[in-house]
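K.L.:
I'd like to ask you about the structure that follows.
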Amino acid sequence: MKYSADRILTTHVGSLPRPPDLFDFLEARETGKPVDEAAFQARLTGAVREIVGRQVAAGIDSVCDGEQSKISYTFYVRHRLAGIGTASGAAGGPPPQTGQHRDIADHPDYAERLRATRTGSQWFNAPVVPCCIGPVSYQNRAPIEADLNNLATAVAAEKPGEAFMNAASPGVLTKFVPDRYYKNEDAYVEALADALKEEYEAIHKAGFVLQIDAPDLGSARHNQYQHLSDDEFLRIADRNIAAVNHATANIPPDRMRIHICWGNYEGPHTHDIPLAKMMGACMRARPQALLYEAANPRHAHEWEDLRAAKIPDDKILIPGCLDSTTNFVEHPRLIAQRICNVANIVGRERVIAGADCGFATFAAQQNAVAPSIVWAKFAALAEGARIATGRLWGR
């Protein structure tokens with residue numbers, strides 16, 4: 001994990017808008033339509049090169065492939081793991097539901113507005129939603145090898161400061177890839193950790209920073225586990241962190257980062273578990289860096305809670321300085337303030353400026369933030385990091 005002793009670096013969470021023609025390929029593959037595989041792979045390679053180049057041009061120091069090959073940050077595993085099928089192929093009907101966001105359920109009028117205004121592809125609804133229908137293991141390395149090769153080619157051409165690659169956490173898959181086989185969540189998480197270990201290590205061995213996406217440590221509290229108490233949820237979080245630690249045992253902590261969030265959506269967020277309650281658990285995860293939401297209006301105040309948090313000296317914080325659900329472009333001075341608030345508590349060398357979440361968590365023609373505004377936000381992030389550097393180093 002690269003950090004700097006003389007300036008604030010910039011990064012983001014991972015997913016970025018897919019070009020419309022690439023999206024057409026992705027949607028066709030997910031829904032079982034015929035696809036010219038050679039044409040898809042050629043377009044994917046080009047899209048990764050383009051997206052890496054745009055990140056570098058915008059001033060992002062630690063870049064990624066934008067998850068261009070993935071229809072979502074979780075559903076992609078059905079192309080790699082044995083034992084994962086789809087609702088249409090699973091006995092007993094569609095996969096179990098894991099609960100509507102509790103904050104949205106409190107506001108039926110808002111829930112109805114969401115249903116009425118939802119746009120973009122609906123491929124993620126049954127019958128193509130994945131679920132576990134058999135023993136889980138890592139079966140198909142071709143997609144991860146293609147991802148690694150595409151990112152390596154783009155990095156060689158564009159020469160960013162650092163590159164990372166995303167992978168789902170074992171815990172988050174219990175929500176998005178529900179279990180119909182193990183009938184025991186602990187056993188399912190353990191099997192997922194064993195399977196994902198191969199993907200995690202492949203990313204590390206390719207020379208990239210591994211980013212583990214773990215909303216199960218945040219948003220799962222108010223949807224998947226809303227029936228539990230906070231203490232019961234924290235036990236689930238500890239179990240999921242233990243699974244991450246097991247799966248990453250062979251990877252140095254300074255080559256990893258972990259992302260938590262409370263759900264990448266505009267909504268009340270009134271049932272989010274506070275960062276202060278999650279910080280202790282998150283600090284027990286092996287990855288050196290923690291990416292977390294800090295621009296979301298429900299969490300923007302939580303930098304104050306870092307004063308009382310027990311943060312190990314070797315940990316790096318990557319607070320979100322950009323909201324990934326709004327088309328407001330944050331002013332660089334506001335971004336600088338957000339950076340400095342954290343840096344003045346944990347130290348300037350231990351802070352990297354990031355974004356709250358991905359800008360295209362689910363590949364769709366209509367994401368919350370328009371593509372051109374994503375790049376404007378990244379440019380503002382880079383400028384805000386420069387301003388914060390001047391303030392923190394007295395330049």
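Following the order of the structure tokens, first chain is A, next is B, and so on, with residues numbered from 1 inside each chain and ligands from 1 in the order they appear.
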May I have the residues within 6 Å of Val177 of chain A as a PyMOL selection string, using only C-alpha atoms and disregarding those fewer than 3 positions away in the same chain?
P.N.:
chain A and resi 130-131+173-174
K.L.:
For the residues selected in the previous step, produce a file with C-alpha atoms as a PDB file, in the first residue's frame.
P.N.:
```pdb
ATOM      1  CA  PRO A 130     -26.963 -15.836  -8.308  1.00  0.00           C
ATOM      2  CA  CYS A 131     -27.297 -18.151  -5.330  1.00  0.00           C
ATOM      3  CA  LEU A 173     -21.618 -12.674  -0.607  1.00  0.00           C
ATOM      4  CA  THR A 174     -23.982 -14.100   2.018  1.00  0.00           C
TER       5      THR A 174
END
```
K.L.:
Let me make sure I understand: among A:Gly59, A:Gly358, A:Gly14, A:Pro274, which one has the smallest atom-to-atom distance to Leu234 of chain A if we use only C-alpha atoms?
P.N.:
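Closest to Leu234 of chain A, using only C-alpha atoms: A:Pro274.
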K.L.:
Just want the 12 Å neighbourhood of Ala380 of chain A, counted on only C-alpha atoms, with same-chain residues fewer than 6 positions away dropped. Output as a list of chain:residue names.
P.N.:
A:Thr10, A:Ala58, A:Gly59, A:Ile60, A:Cys321, A:Leu322, A:Phe328, A:Val329, A:Glu330, A:His331, A:Pro332, A:Arg333, A:Leu334, A:Ile335, A:Ala336, A:Ala353, A:Gly354, A:Ala355, A:Ile373, A:Val374, A:Arg386, A:Ile387
K.L.:
Write down as a list in words the residues of segment 301-359 of chain A whose backbone DSSP state falls under helix (DSSP H, G or I).
P.N.:
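Helix (DSSP H, G or I) members of segment 301-359 of chain A, listed: His301, Glu302, Trp303, Glu304, Asp305, Leu306, Arg307, Pro332, Arg333, Leu334, Ile335, Ala336, Gln337, Arg338, Ile339, Cys340, Asn341, Val342, Ala343, Asn344, Ile345, Val346, Arg348, Glu349 and Arg350 of chain A.
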K.L.:
Between atom CA of Thr74 of chain A and atom CA of Leu196 of chain A, what is the distance, to one decimal in Å?
P.N.:
11.9 Å
K.L.:
Give one line per residue of segment 185-219 of chain A that approaches segment 255-262 of chain A to at most 9 Å, naming the two atoms of the closest pair and their distance in Å to one decimal, counting only C-alpha atoms; sort by chain then ascending residue number and deliver it as JSON lines.
P.N.:
```
{"residue": "A:His204", "atom": "CA", "partner": "A:Arg255", "partner_atom": "CA", "distance": 7.2}
{"residue": "A:Gly207", "atom": "CA", "partner": "A:Arg255", "partner_atom": "CA", "distance": 8.9}
{"residue": "A:Phe208", "atom": "CA", "partner": "A:Arg255", "partner_atom": "CA", "distance": 7.7}
{"residue": "A:Val209", "atom": "CA", "partner": "A:Arg255", "partner_atom": "CA", "distance": 5.0}
{"residue": "A:Leu210", "atom": "CA", "partner": "A:Met256", "partner_atom": "CA", "distance": 4.7}
{"residue": "A:Gln211", "atom": "CA", "partner": "A:Arg257", "partner_atom": "CA", "distance": 4.8}
{"residue": "A:Ile212", "atom": "CA", "partner": "A:Ile258", "partner_atom": "CA", "distance": 4.7}
{"residue": "A:Asp213", "atom": "CA", "partner": "A:His259", "partner_atom": "CA", "distance": 4.9}
{"residue": "A:Ala214", "atom": "CA", "partner": "A:Ile260", "partner_atom": "CA", "distance": 5.1}
{"residue": "A:Pro215", "atom": "CA", "partner": "A:Ile260", "partner_atom": "CA", "distance": 4.8}
{"residue": "A:Asp216", "atom": "CA", "partner": "A:Ile260", "partner_atom": "CA", "distance": 7.5}
{"residue": "A:Leu217", "atom": "CA", "partner": "A:Ile260", "partner_atom": "CA", "distance": 6.0}
{"residue": "A:Gly218", "atom": "CA", "partner": "A:Trp262", "partner_atom": "CA", "distance": 4.8}
{"residue": "A:Ser219", "atom": "CA", "partner": "A:Trp262", "partner_atom": "CA", "distance": 3.8}
```
K.L.:
Keeping only N, CA and C atoms, write the selected residues as an mmCIF file, in the first residue's frame.
P.N.:
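Ended up saving to again-v5.cif:
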```cif
data_model
loop_
_atom_site.group_PDB
_atom_site.id
_atom_site.type_symbol
_atom_site.label_atom_id
_atom_site.label_comp_id
_atom_site.auth_asym_id
_atom_site.auth_seq_id
_atom_site.Cartn_x
_atom_site.Cartn_y
_atom_site.Cartn_z
ATOM 1 N N HIS A 204 -2.582 -10.330 -5.515
ATOM 2 C CA HIS A 204 -1.322 -9.949 -4.865
ATOM 3 C C HIS A 204 -0.111 -10.392 -5.684
ATOM 4 N N GLY A 207 1.105 -8.290 -8.458
ATOM 5 C CA GLY A 207 1.748 -7.024 -8.128
ATOM 6 C C GLY A 207 0.807 -5.884 -7.823
ATOM 7 N N PHE A 208 -0.483 -6.183 -7.703
ATOM 8 C CA PHE A 208 -1.465 -5.142 -7.414
ATOM 9 C C PHE A 208 -1.864 -5.160 -5.937
ATOM 10 N N VAL A 209 -2.286 -4.014 -5.436
ATOM 11 C CA VAL A 209 -2.864 -3.945 -4.098
ATOM 12 C C VAL A 209 -4.237 -4.615 -4.142
ATOM 13 N N LEU A 210 -4.509 -5.462 -3.183
ATOM 14 C CA LEU A 210 -5.811 -6.113 -3.081
ATOM 15 C C LEU A 210 -6.757 -5.233 -2.287
ATOM 16 N N GLN A 211 -7.915 -4.918 -2.876
ATOM 17 C CA GLN A 211 -8.966 -4.234 -2.120
ATOM 18 C C GLN A 211 -10.117 -5.203 -1.911
ATOM 19 N N ILE A 212 -10.469 -5.412 -0.656
ATOM 20 C CA ILE A 212 -11.589 -6.282 -0.317
ATOM 21 C C ILE A 212 -12.801 -5.403 -0.018
ATOM 22 N N ASP A 213 -13.876 -5.629 -0.765
ATOM 23 C CA ASP A 213 -15.095 -4.839 -0.589
ATOM 24 C C ASP A 213 -15.991 -5.531 0.427
ATOM 25 N N ALA A 214 -16.219 -4.864 1.571
ATOM 26 C CA ALA A 214 -16.896 -5.498 2.702
ATOM 27 C C ALA A 214 -18.030 -4.645 3.271
ATOM 28 N N PRO A 215 -19.069 -4.351 2.480
ATOM 29 C CA PRO A 215 -20.232 -3.667 3.051
ATOM 30 C C PRO A 215 -20.919 -4.478 4.143
ATOM 31 N N ASP A 216 -20.602 -5.777 4.225
ATOM 32 C CA ASP A 216 -21.166 -6.592 5.299
ATOM 33 C C ASP A 216 -20.770 -6.082 6.674
ATOM 34 N N LEU A 217 -19.750 -5.226 6.741
ATOM 35 C CA LEU A 217 -19.343 -4.647 8.017
ATOM 36 C C LEU A 217 -20.069 -3.340 8.321
ATOM 37 N N GLY A 218 -20.933 -2.898 7.413
ATOM 38 C CA GLY A 218 -21.658 -1.652 7.616
ATOM 39 C C GLY A 218 -23.131 -1.775 7.254
ATOM 40 N N SER A 219 -23.425 -1.788 5.943
ATOM 41 C CA SER A 219 -24.820 -1.743 5.500
ATOM 42 C C SER A 219 -25.612 -2.992 5.897
#
```
K.L.:
My list of candidates is A:Ala295, A:Leu9, A:Leu192, A:Ile241. Which is closest to Met283 of chain A when distances are computed with only C-alpha atoms?
P.N.:
A:Ile241
K.L.:
Can you work out which one of A:Ser169, A:Asn341, A:Asn223, A:Thr31 has the shortest atom-to-atom distance to Ala285 of chain A, counting only C-alpha atoms?
P.N.:
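Residue with the minimum atom-to-atom distance to Ala285 of chain A: A:Ser169.
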K.L.:
What separation in Å, quoted to one decimal, exists between atom CA of Leu291 of chain A and atom CA of Pro143 of chain A?
P.N.:
25.6 Å
K.L.:
Of the residues A:Pro178, A:Arg29, A:Ile203, A:His101, which is the one nearest to Gln226 of chain A, using only C-alpha atoms?
P.N.:
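Looking at the shortest contact to Gln226 of chain A, the residue is A:His101.
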K.L.:
Identify which of the residues A:Pro319, A:Gly394, A:Pro268, A:Gly83 lies closest to Glu302 of chain A, counting only C-alpha atoms when measuring atom-to-atom distances.
P.N.:
A:Pro319
K.L.:
Restricting the calculation to only C-alpha atoms: of A:Cys357, A:Ile345, A:Ala289, A:Leu44, which residue gets closest to Ala146 of chain A?
P.N.:
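Of A:Cys357, A:Ile345, A:Ala289, A:Leu44, the one nearest Ala146 of chain A, counting only C-alpha atoms, is A:Leu44.
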